[in-house]
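The data block below is coords_19.cif; it holds mmCIF, C-alpha atoms.
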data_upload
loop_
_atom_site.label_atom_id
_atom_site.label_comp_id
_atom_site.auth_asym_id
_atom_site.auth_seq_id
_atom_site.Cartn_x
_atom_site.Cartn_y
_atom_site.Cartn_z
CA MET A 1 -26.95 -6.85 -41.09
CA GLN A 2 -29.95 -4.86 -42.37
CA VAL A 3 -27.90 -1.65 -42.42
CA PHE A 4 -25.06 -3.51 -44.14
CA LYS A 5 -27.36 -4.82 -46.90
CA ALA A 6 -29.05 -1.48 -47.37
CA PHE A 7 -25.66 0.20 -47.61
CA PHE A 8 -24.53 -1.90 -50.58
CA LYS A 9 -27.94 -1.61 -52.21
CA LEU A 10 -27.51 2.16 -52.27
CA VAL A 11 -23.88 1.87 -53.36
CA GLY A 12 -25.07 0.01 -56.45
CA LYS A 13 -26.94 3.12 -57.59
CA TYR A 14 -23.64 4.98 -57.91
CA LYS A 15 -21.77 2.29 -59.84
CA VAL A 16 -21.88 4.33 -63.07
CA GLY A 17 -19.94 7.17 -61.44
CA LEU A 18 -17.53 4.64 -59.97
CA PHE A 19 -16.69 3.14 -63.36
CA LEU A 20 -16.45 6.57 -64.98
CA TYR A 21 -13.79 7.60 -62.48
CA PHE A 22 -12.10 4.23 -62.94
CA ALA A 23 -12.04 4.78 -66.72
CA LEU A 24 -10.47 8.20 -66.14
CA CYS A 25 -7.79 6.65 -63.90
CA ALA A 26 -7.20 3.94 -66.52
CA LEU A 27 -6.63 6.62 -69.15
CA MET A 28 -4.19 8.46 -66.88
CA THR A 29 -2.38 5.19 -66.20
CA VAL A 30 -2.00 4.49 -69.92
CA LEU A 31 -0.69 8.02 -70.54
CA VAL A 32 1.87 7.76 -67.75
CA ALA A 33 2.96 4.25 -68.72
CA SER A 34 3.34 5.25 -72.38
CA GLN A 35 6.29 7.42 -71.38
CA TYR A 36 8.16 4.29 -70.33
CA ASN A 37 7.28 2.00 -73.25
CA SER A 38 10.77 1.99 -74.72
CA ASP A 39 13.09 -0.50 -73.08
CA ASP A 40 16.14 0.71 -74.99
CA LYS A 41 18.27 3.49 -73.64
CA GLU A 42 18.64 6.47 -75.90
CA SER A 43 22.35 7.15 -75.56
CA SER A 44 23.61 8.04 -79.02
CA PHE A 45 23.80 11.25 -81.00
CA ALA A 46 22.84 11.23 -84.68
CA SER A 47 23.97 14.13 -86.87
CA ASN A 48 22.14 15.25 -89.98
CA SER A 49 22.49 12.90 -92.92
CA TYR A 50 22.63 14.07 -96.55
CA SER A 51 22.84 12.52 -100.00
CA VAL A 52 26.40 12.57 -101.36
CA ILE A 53 27.83 11.39 -104.68
CA VAL A 54 31.26 9.76 -104.25
CA LYS A 55 33.77 8.77 -106.91
CA ASP A 56 36.86 6.85 -105.74
CA ASN A 57 39.56 6.94 -108.40
CA ASP A 58 42.34 5.86 -105.99
CA ASN A 59 40.79 2.64 -104.64
CA THR A 60 43.44 2.31 -101.89
CA GLU A 61 43.29 1.61 -98.18
CA LEU A 62 43.06 5.33 -97.38
CA SER A 63 40.43 6.15 -99.99
CA LYS A 64 38.30 3.17 -98.92
CA ALA A 65 38.51 4.35 -95.30
CA ILE A 66 37.30 7.80 -96.38
CA VAL A 67 34.40 6.31 -98.35
CA ASP A 68 33.46 4.04 -95.41
CA TYR A 69 33.46 7.05 -93.08
CA LEU A 70 31.19 8.99 -95.41
CA LYS A 71 28.84 6.00 -95.55
CA THR A 72 28.49 6.06 -91.75
CA GLN A 73 27.56 9.73 -91.82
CA HIS A 74 25.56 10.19 -95.02
CA LYS A 75 23.70 8.48 -97.83
CA VAL A 76 26.48 7.72 -100.28
CA GLU A 77 25.75 6.91 -103.89
CA PHE A 78 28.10 6.03 -106.78
CA HIS A 79 27.16 7.42 -110.17
CA ASP A 80 29.03 8.67 -113.22
CA TYR A 81 27.72 12.12 -114.03
CA THR A 82 29.22 14.91 -116.05
CA GLN A 83 30.22 18.11 -114.26
CA ASP A 84 27.19 19.92 -115.62
CA GLU A 85 24.85 17.15 -114.52
CA ILE A 86 26.36 17.18 -111.02
CA LYS A 87 25.90 20.94 -110.77
CA ASP A 88 22.28 20.64 -111.85
CA LEU A 89 21.58 17.85 -109.35
CA ILE A 90 23.16 19.82 -106.50
CA TYR A 91 21.35 22.99 -107.53
CA SER A 92 18.06 21.04 -107.62
CA GLU A 93 18.90 19.65 -104.15
CA PHE A 94 18.80 16.02 -105.26
CA TYR A 95 22.29 15.78 -103.76
CA THR A 96 24.12 17.88 -101.23
CA ALA A 97 27.72 17.41 -102.35
CA TYR A 98 30.00 15.66 -104.80
CA VAL A 99 33.26 14.07 -103.59
CA GLU A 100 35.95 12.77 -105.93
CA ILE A 101 39.14 11.13 -104.59
CA PRO A 102 41.91 11.52 -107.20
CA GLU A 103 44.15 8.68 -108.31
CA GLY A 104 47.41 8.56 -106.34
CA PHE A 105 45.86 10.35 -103.34
CA MET A 106 47.23 7.87 -100.78
CA ASP A 107 50.77 8.12 -102.12
CA LYS A 108 50.82 11.92 -102.13
CA HIS A 109 48.44 12.87 -99.29
CA GLN A 110 51.38 13.93 -97.08
CA ASP A 111 53.48 15.70 -99.69
CA ASP A 112 53.92 19.44 -99.76
CA ASP A 113 52.07 19.47 -103.06
CA ALA A 114 49.60 16.81 -101.89
CA LEU A 115 46.69 15.90 -104.11
CA GLN A 116 43.44 17.36 -102.88
CA ILE A 117 40.05 15.66 -102.75
CA LYS A 118 37.79 17.39 -105.21
CA THR A 119 34.46 18.57 -103.79
CA LEU A 120 31.52 20.29 -105.35
CA TYR A 121 28.65 21.76 -103.33
CA ASP A 122 26.41 24.80 -103.02
CA THR A 123 28.39 27.31 -100.98
CA GLY A 124 25.18 29.14 -100.15
CA LYS A 125 23.86 26.23 -98.15
CA ALA A 126 25.20 25.12 -94.78
CA SER A 127 24.53 21.43 -95.49
CA GLY A 128 27.21 21.24 -98.21
CA SER A 129 29.77 23.05 -96.07
CA PHE A 130 28.95 20.65 -93.23
CA VAL A 131 29.68 17.58 -95.39
CA VAL A 132 32.99 19.01 -96.64
CA PHE A 133 33.98 20.03 -93.10
CA GLN A 134 33.42 16.45 -91.88
CA LEU A 135 35.44 15.08 -94.80
CA ASN A 136 38.38 17.44 -94.25
CA SER A 137 38.36 16.82 -90.48
CA PHE A 138 38.59 13.08 -91.03
CA VAL A 139 41.44 13.33 -93.54
CA GLN A 140 43.37 15.84 -91.42
CA GLY A 141 42.93 13.60 -88.38
CA ILE A 142 44.60 10.71 -90.22
CA ILE A 143 47.47 12.98 -91.33
CA ARG A 144 48.04 14.22 -87.78
CA TYR A 145 48.26 10.69 -86.43
CA GLU A 146 50.72 9.79 -89.20
CA ASN A 147 52.82 12.84 -88.36
CA ALA A 148 52.82 11.67 -84.74
CA GLY A 149 54.48 8.39 -85.82
CA PHE A 150 51.50 6.08 -86.32
CA ASN A 151 51.32 3.87 -89.40
CA ILE A 152 48.41 4.28 -91.81
CA ASP A 153 46.34 1.46 -90.27
CA ASP A 154 46.63 2.82 -86.73
CA ALA A 155 46.05 6.36 -87.93
CA ILE A 156 42.79 5.37 -89.64
CA ARG A 157 41.60 3.35 -86.64
CA ASN A 158 42.41 6.10 -84.12
CA THR A 159 40.76 8.75 -86.27
CA LYS A 160 37.58 6.69 -86.55
CA GLU A 161 37.49 6.38 -82.78
CA ALA A 162 38.14 10.10 -82.35
CA VAL A 163 35.26 11.17 -84.59
CA GLU A 164 32.79 8.64 -83.13
CA THR A 165 30.08 10.87 -81.64
CA ASP A 166 29.03 8.32 -79.00
CA ASN A 167 32.40 8.85 -77.31
CA PHE A 168 31.68 12.46 -76.39
CA VAL A 169 27.97 13.18 -76.99
CA GLU A 170 25.21 11.61 -74.90
CA LEU A 171 21.54 12.40 -74.88
CA ASN A 172 19.28 11.93 -71.89
CA THR A 173 19.25 8.24 -71.03
CA LYS A 174 16.31 6.22 -69.87
CA LYS A 175 16.20 6.34 -66.09
CA ASP A 176 16.65 3.09 -64.26
CA ASP A 177 14.71 1.66 -61.35
CA SER A 178 16.69 3.61 -58.78
CA ASP A 179 15.56 6.96 -60.22
CA SER A 180 12.79 8.86 -58.46
CA ASN A 181 10.91 9.09 -61.75
CA SER A 182 10.62 5.39 -62.44
CA LYS A 183 7.43 3.89 -63.80
CA LEU A 184 6.45 2.44 -60.40
CA TYR A 185 6.84 5.81 -58.70
CA SER A 186 4.95 7.70 -61.40
CA LEU A 187 2.00 5.29 -61.50
CA PHE A 188 1.60 4.94 -57.74
CA LEU A 189 1.88 8.70 -57.23
CA PHE A 190 -1.44 9.69 -58.83
CA ILE A 191 -3.46 6.61 -57.75
CA PRO A 192 -4.53 8.18 -54.40
CA TYR A 193 -6.40 10.88 -56.31
CA GLY A 194 -8.29 8.19 -58.21
CA ILE A 195 -9.09 6.24 -55.06
CA MET A 196 -10.32 9.33 -53.21
CA SER A 197 -12.47 10.39 -56.17
CA MET A 198 -14.06 6.96 -56.62
CA VAL A 199 -14.66 6.36 -52.92
CA LEU A 200 -16.08 9.81 -52.20
CA TRP A 201 -18.31 9.75 -55.27
CA CYS A 202 -19.62 6.26 -54.61
CA VAL A 203 -19.77 6.04 -50.81
CA LEU A 204 -20.17 9.58 -49.43
CA PRO A 205 -23.76 10.07 -50.70
CA VAL A 206 -24.73 6.69 -49.25
CA VAL A 207 -23.27 7.40 -45.82
CA LEU A 208 -24.91 10.84 -45.79
CA ARG A 209 -28.30 9.27 -46.56
CA PHE A 210 -27.96 7.08 -43.49
CA SER A 211 -27.26 10.24 -41.50
CA ASN A 212 -30.56 11.71 -42.64
CA LYS A 213 -32.78 12.81 -39.77
CA ASP A 214 -35.71 10.55 -40.67
CA ILE A 215 -33.55 7.47 -41.21
CA LYS A 216 -31.71 8.12 -37.95
CA SER A 217 -35.01 8.37 -36.11
CA ARG A 218 -36.24 5.10 -37.57
CA THR A 219 -33.00 3.41 -36.64
CA ALA A 220 -33.21 4.78 -33.11
CA ILE A 221 -36.59 3.13 -32.42
CA SER A 222 -35.51 -0.17 -34.00
CA SER A 223 -33.56 -3.00 -32.42
CA ILE A 224 -30.37 -1.74 -34.11
CA SER A 225 -28.21 0.29 -31.77
CA SER A 226 -26.32 3.38 -32.92
CA HIS A 227 -23.02 1.56 -32.39
CA GLU A 228 -24.13 -1.31 -34.66
CA ARG A 229 -25.26 1.17 -37.28
CA THR A 230 -21.95 3.05 -37.15
CA LEU A 231 -19.95 -0.19 -37.29
CA ALA A 232 -21.97 -1.46 -40.29
CA LEU A 233 -21.40 1.81 -42.17
CA PHE A 234 -17.69 1.79 -41.34
CA LEU A 235 -17.28 -1.82 -42.46
CA GLY A 236 -19.23 -1.15 -45.66
CA SER A 237 -17.08 1.89 -46.43
CA THR A 238 -13.93 -0.09 -45.72
CA ILE A 239 -14.99 -2.91 -48.05
CA VAL A 240 -15.65 -0.43 -50.86
CA CYS A 241 -12.25 1.19 -50.23
CA VAL A 242 -10.53 -2.20 -50.40
CA PHE A 243 -12.44 -3.07 -53.58
CA VAL A 244 -11.34 0.16 -55.25
CA TYR A 245 -7.80 -0.46 -53.98
CA ILE A 246 -7.72 -3.90 -55.61
CA LEU A 247 -9.04 -2.45 -58.88
CA MET A 248 -6.31 0.18 -58.96
CA LEU A 249 -3.64 -2.32 -57.95
CA ILE A 250 -4.62 -4.65 -60.80
CA LEU A 251 -4.75 -1.75 -63.24
CA SER A 252 -1.28 -0.51 -62.32
CA GLY A 253 0.05 -4.08 -62.27
CA CYS A 254 -0.76 -4.43 -65.96
CA PHE A 255 1.94 -1.84 -66.66
CA LEU A 256 4.39 -2.83 -63.92
CA LYS A 257 5.19 -6.41 -64.86
CA GLU A 258 8.92 -5.89 -64.28
CA TYR A 259 8.23 -4.64 -60.73
CA LEU A 260 5.60 -7.15 -59.60
CA PHE A 261 6.36 -8.95 -56.33
CA THR A 262 9.57 -7.04 -55.74
CA THR A 263 10.30 -5.36 -52.40
CA LYS A 264 9.46 -1.93 -53.82
CA TRP A 265 6.16 -3.16 -55.21
CA TYR A 266 5.13 -4.79 -51.92
CA LEU A 267 5.94 -1.63 -49.95
CA ALA A 268 4.18 0.61 -52.49
CA ALA A 269 1.12 -1.67 -52.41
CA LEU A 270 1.10 -1.61 -48.59
CA ASN A 271 1.43 2.18 -48.62
CA LEU A 272 -1.57 2.40 -50.94
CA LEU A 273 -3.58 -0.05 -48.80
CA VAL A 274 -3.06 2.05 -45.67
CA PHE A 275 -4.14 5.15 -47.57
CA SER A 276 -7.24 3.36 -48.87
CA LEU A 277 -8.30 2.28 -45.38
CA VAL A 278 -7.79 5.81 -44.10
CA ASN A 279 -10.31 6.96 -46.71
CA GLY A 280 -12.97 4.85 -45.01
CA ALA A 281 -12.32 6.57 -41.69
CA PHE A 282 -12.33 9.97 -43.37
CA LEU A 283 -15.76 9.22 -44.83
CA MET A 284 -17.16 8.61 -41.35
CA PHE A 285 -15.78 11.95 -40.24
CA ILE A 286 -17.52 13.81 -43.08
CA ALA A 287 -20.75 11.90 -42.52
CA SER A 288 -20.87 13.03 -38.87
CA PHE A 289 -21.92 16.53 -39.97
CA PRO A 290 -25.55 17.40 -40.82
CA SER A 291 -26.43 15.38 -43.91
CA LYS A 292 -28.97 17.72 -45.49
CA SER A 293 -26.52 20.53 -46.24
CA MET A 294 -23.73 18.09 -47.11
CA LEU A 295 -25.86 16.25 -49.69
CA LYS A 296 -26.69 19.47 -51.50
CA ALA A 297 -23.05 20.41 -51.85
CA LYS A 298 -21.57 16.92 -52.24
CA ASP A 299 -20.28 17.45 -55.81
CA VAL A 300 -18.47 20.64 -54.87
CA LEU A 301 -17.28 19.07 -51.64
CA ILE A 302 -15.80 16.03 -53.41
CA ASN A 303 -13.86 18.21 -55.86
CA ILE A 304 -12.57 20.49 -53.12
CA ILE A 305 -11.40 17.58 -50.95
CA THR A 306 -9.70 15.58 -53.71
CA ILE A 307 -7.99 18.54 -55.39
CA ALA A 308 -6.92 20.19 -52.11
CA PHE A 309 -5.57 16.93 -50.68
CA SER A 310 -3.72 16.20 -53.93
CA PHE A 311 -2.11 19.62 -54.25
CA LEU A 312 -1.17 20.05 -50.60
CA GLY A 313 -0.09 16.42 -50.24
CA GLY A 314 2.38 16.33 -53.12
CA ILE A 315 0.29 14.27 -55.55
CA PHE A 316 -0.18 16.90 -58.26
CA VAL A 317 2.90 18.97 -57.39
CA PRO A 318 6.21 17.36 -56.28
CA LEU A 319 6.94 17.88 -52.60
CA GLU A 320 10.27 19.56 -53.30
CA LEU A 321 8.48 22.29 -55.28
CA LEU A 322 6.08 23.15 -52.46
CA GLY A 323 6.90 26.05 -50.18
CA ASP A 324 7.65 25.53 -46.50
CA ASP A 325 4.28 26.94 -45.41
CA VAL A 326 2.39 24.69 -47.81
CA ARG A 327 4.38 21.66 -46.71
CA ASN A 328 3.64 22.44 -43.07
CA VAL A 329 -0.07 22.40 -43.88
CA GLY A 330 0.32 19.24 -45.92
CA ARG A 331 1.84 17.38 -42.97
CA PHE A 332 -1.67 17.09 -41.52
CA LEU A 333 -2.95 15.22 -44.59
CA PRO A 334 -2.59 11.50 -45.39
CA THR A 335 -1.66 12.28 -49.01
CA TYR A 336 1.48 14.05 -47.79
CA TRP A 337 2.70 11.04 -45.83
CA TYR A 338 1.71 8.75 -48.68
CA ALA A 339 3.92 10.80 -51.05
CA VAL A 340 6.79 10.89 -48.53
CA GLY A 341 6.51 7.14 -48.04
CA LEU A 342 6.53 6.57 -51.79
CA GLN A 343 9.69 8.66 -52.12
CA LYS A 344 11.38 6.57 -49.42
CA ILE A 345 10.27 3.36 -51.13
CA GLU A 346 11.66 4.57 -54.45
CA ALA A 347 14.94 5.47 -52.75
CA GLY A 348 15.25 1.83 -51.66
CA ASN A 349 14.47 2.24 -47.95
CA SER A 350 13.33 -0.74 -45.91
CA PHE A 351 9.98 -1.34 -44.21
CA ALA A 352 11.33 0.02 -40.93
CA ASP A 353 12.18 3.33 -42.59
CA VAL A 354 8.81 3.64 -44.34
CA SER A 355 6.66 2.42 -41.43
CA SER A 356 6.62 5.89 -39.86
CA CYS A 357 4.77 7.18 -42.94
CA PHE A 358 2.28 4.32 -42.62
CA GLY A 359 1.82 5.25 -38.97
CA MET A 360 1.15 8.92 -39.71
CA GLN A 361 -1.54 7.95 -42.20
CA ALA A 362 -3.07 5.59 -39.65
CA ILE A 363 -3.05 8.33 -37.01
CA PHE A 364 -5.02 10.55 -39.39
CA GLY A 365 -7.58 7.74 -39.82
CA VAL A 366 -7.91 7.16 -36.08
CA PHE A 367 -8.34 10.88 -35.52
CA CYS A 368 -11.09 11.02 -38.15
CA LEU A 369 -12.94 8.14 -36.50
CA ALA A 370 -12.62 9.63 -33.04
CA ALA A 371 -13.65 13.09 -34.23
CA GLY A 372 -16.59 11.67 -36.16
CA LEU A 373 -17.88 9.77 -33.14
CA ALA A 374 -17.42 12.83 -30.93
CA ILE A 375 -19.31 15.10 -33.33
CA SER A 376 -22.14 12.57 -33.61
CA ARG A 377 -22.38 12.43 -29.80
CA VAL A 378 -22.51 16.21 -29.60
CA TYR A 379 -25.34 16.46 -32.13
CA MET A 380 -27.23 13.69 -30.36
CA TYR A 381 -26.80 15.46 -27.00
CA LEU A 382 -28.00 18.77 -28.47
CA LYS A 383 -31.14 17.16 -29.87
CA GLU A 384 -31.94 15.40 -26.63
CA SER A 385 -31.51 18.61 -24.66
#
Structure re-expressed in structure tokens:
Amino acid sequence: MQVFKAFFKLVGKYKVGLFLYFALCALMTVLVASQYNSDDKESSFASNSYSVIVKDNDNTELSKAIVDYLKTQHKVEFHDYTQDEIKDLIYSEFYTAYVEIPEGFMDKHQDDDALQIKTLYDTGKASGSFVVFQLNSFVQGIIRYENAGFNIDDAIRNTKEAVETDNFVELNTKKDDSDSNSKLYSLFLFIPYGIMSMVLWCVLPVVLRFSNKDIKSRTAISSISSHERTLALFLGSTIVCVFVYILMLILSGCFLKEYLFTTKWYLAALNLLVFSLVNGAFLMFIASFPSKSMLKAKDVLINIITIAFSFLGGIFVPLELLGDDVRNVGRFLPTYWYAVGLQKIEAGNSFADVSSCFGMQAIFGVFCLAAGLAISRVYMYLKES
């Protein structure tokens, strides 16, 4: 109990670093979640819109359909200007084009000497040509349908459907929950880096202090056995790991309200819990080495471990982008199996399918504990001899 109390007393001295890393993880969480703020799917294409002056002298079903079409594509205004005023406004770029539908256009639009829609625009600018091209395409589409035997109403309706951009143009849509890049996957993917950073920064110096030669000697002559000391340090490390895990789970849950308490969320949370507990075992492995040299290089050591584990394990770089040799090395790390398990969870696999990834992480933790105890025994034997 004395070791346990002393452990948390020392942990309290590193709480500033713990909250700094937590603030960094919170910022990363906000940045990742901000990419998924929009709930609406972006599935429509919007062409450029220009200001157009329209004058409808025909006022028939066909001319109204043309005006309505122009309204859907551009900013249509109705003004009575003289020809010189229109030219000045177009030249000054207040308007892009002028469209005038002549009287009797509907009656004569299919004749050999059909009346033509009068247009005025700057031929040196692509915007005016674009507006006139849209207008002519719409009118010619109606005429083609009429020539095919459709009446004017059906011809207008079919042409409107034919020129509707949503029917043949689609931008990238928002990915649904089944996609490997969902919000749950993205948030849970980088959390292991945050947990490793916080735990190593907060707990590793404390565990190394207990491995100090003088403190070990004092413990050896006290009533506390080495097994009790090791168990107290392991339990203390585990509690800190679980505390950090809960913090990160709550933080991510603030942005995953639509996923909370679903099967995917439970499996992802369990995957993260196993990884967090493995961190406690890994700490005991590191602490089994001589503490004096480790304490001096702890800052460098923490950065090397977290960055190396994250790169090789598929946290910073997707697993499919890693080479075969790198992936073979990564298979020995818990971050690799965490990332593989998260991919399986996102793909909709059951607990039975993901449990093997949990097991591989647990094996790494057991190995670290066993290796740490063995190394401690060896150092103790060398000192006694």
Ground truth for the PyMOL selection byres ((chain A and resi 346) around 7), written as a list of chain:residue names
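With the shown file as input, the PyMOL selection byres ((chain A and resi 346) around 7) matches A:Ser178, A:Ser180, A:Tyr185, A:Lys264, A:Leu342, A:Gln343, A:Lys344, A:Ile345, A:Ala347, A:Gly348.
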Counting all atoms listed in the file, what is within 10 Å of Val206 in chain A, bar same-chain residues fewer than 2 positions away, as JSON, numbers by chain?
{"A": [6, 7, 8, 9, 10, 11, 12, 13, 14, 200, 201, 202, 203, 204, 208, 209, 210, 211, 233, 237, 287, 295]}
Per-residue nearest contacts of range 67-110 of chain A to range 147-165 of chain A (12 Å; all atoms listed in the file) as a Markdown table:
| residue | atom | partner | partner_atom | distance |
| --- | --- | --- | --- | --- |
| A:Asp68 | CA | A:Lys160 | CA | 10.1 |
| A:Tyr69 | CA | A:Lys160 | CA | 7.7 |
| A:Leu70 | CA | A:Lys160 | CA | 11.2 |
| A:Thr72 | CA | A:Glu164 | CA | 10.0 |
| A:Gln73 | CA | A:Glu164 | CA | 10.2 |
| A:Met106 | CA | A:Ile152 | CA | 9.7 |
| A:Asp107 | CA | A:Ile152 | CA | 11.3 |
| A:His109 | CA | A:Ile152 | CA | 11.4 |
| A:Gln110 | CA | A:Asn147 | CA | 8.9 |
For CA of Thr262 in chain A and CA of Ser350 in chain A, determine how far apart the two atoms are, in Å to one decimal place.
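These atoms are spaced 12.3 Å apart.
Of note, CA of Ala281 in chain A and CA of Val366 in chain A are spaced 7.2 Å apart.
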What lies within 9 Å of Phe316 in chain A using only C-alpha atoms, ignoring chain neighbours under 6 positions off, as a PyMOL selection string?
chain A and resi 189-190+193+307+310
One residue among A:Glu85, A:Ile101, A:Phe22, A:Asn279 is nearest to Thr60 in chain A when using all atoms listed in the file, and that residue is A:Ile101
Which residues are near Tyr336 in chain A? Cut-off 9 Å, all atoms listed in the file, ignore same chain within fewer than 6 positions. Put them as number ranges by chain.
A: 309-310, 312-315, 319, 327, 330, 361
Proximity to Gly365 in chain A - best of A:Ile302, A:Phe275, A:Val67, A:Ala308, all atoms listed in the file:
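Checking each of A:Ile302, A:Phe275, A:Val67, A:Ala308 against Gly365 in chain A, counting all atoms listed in the file, the winner is A:Phe275.
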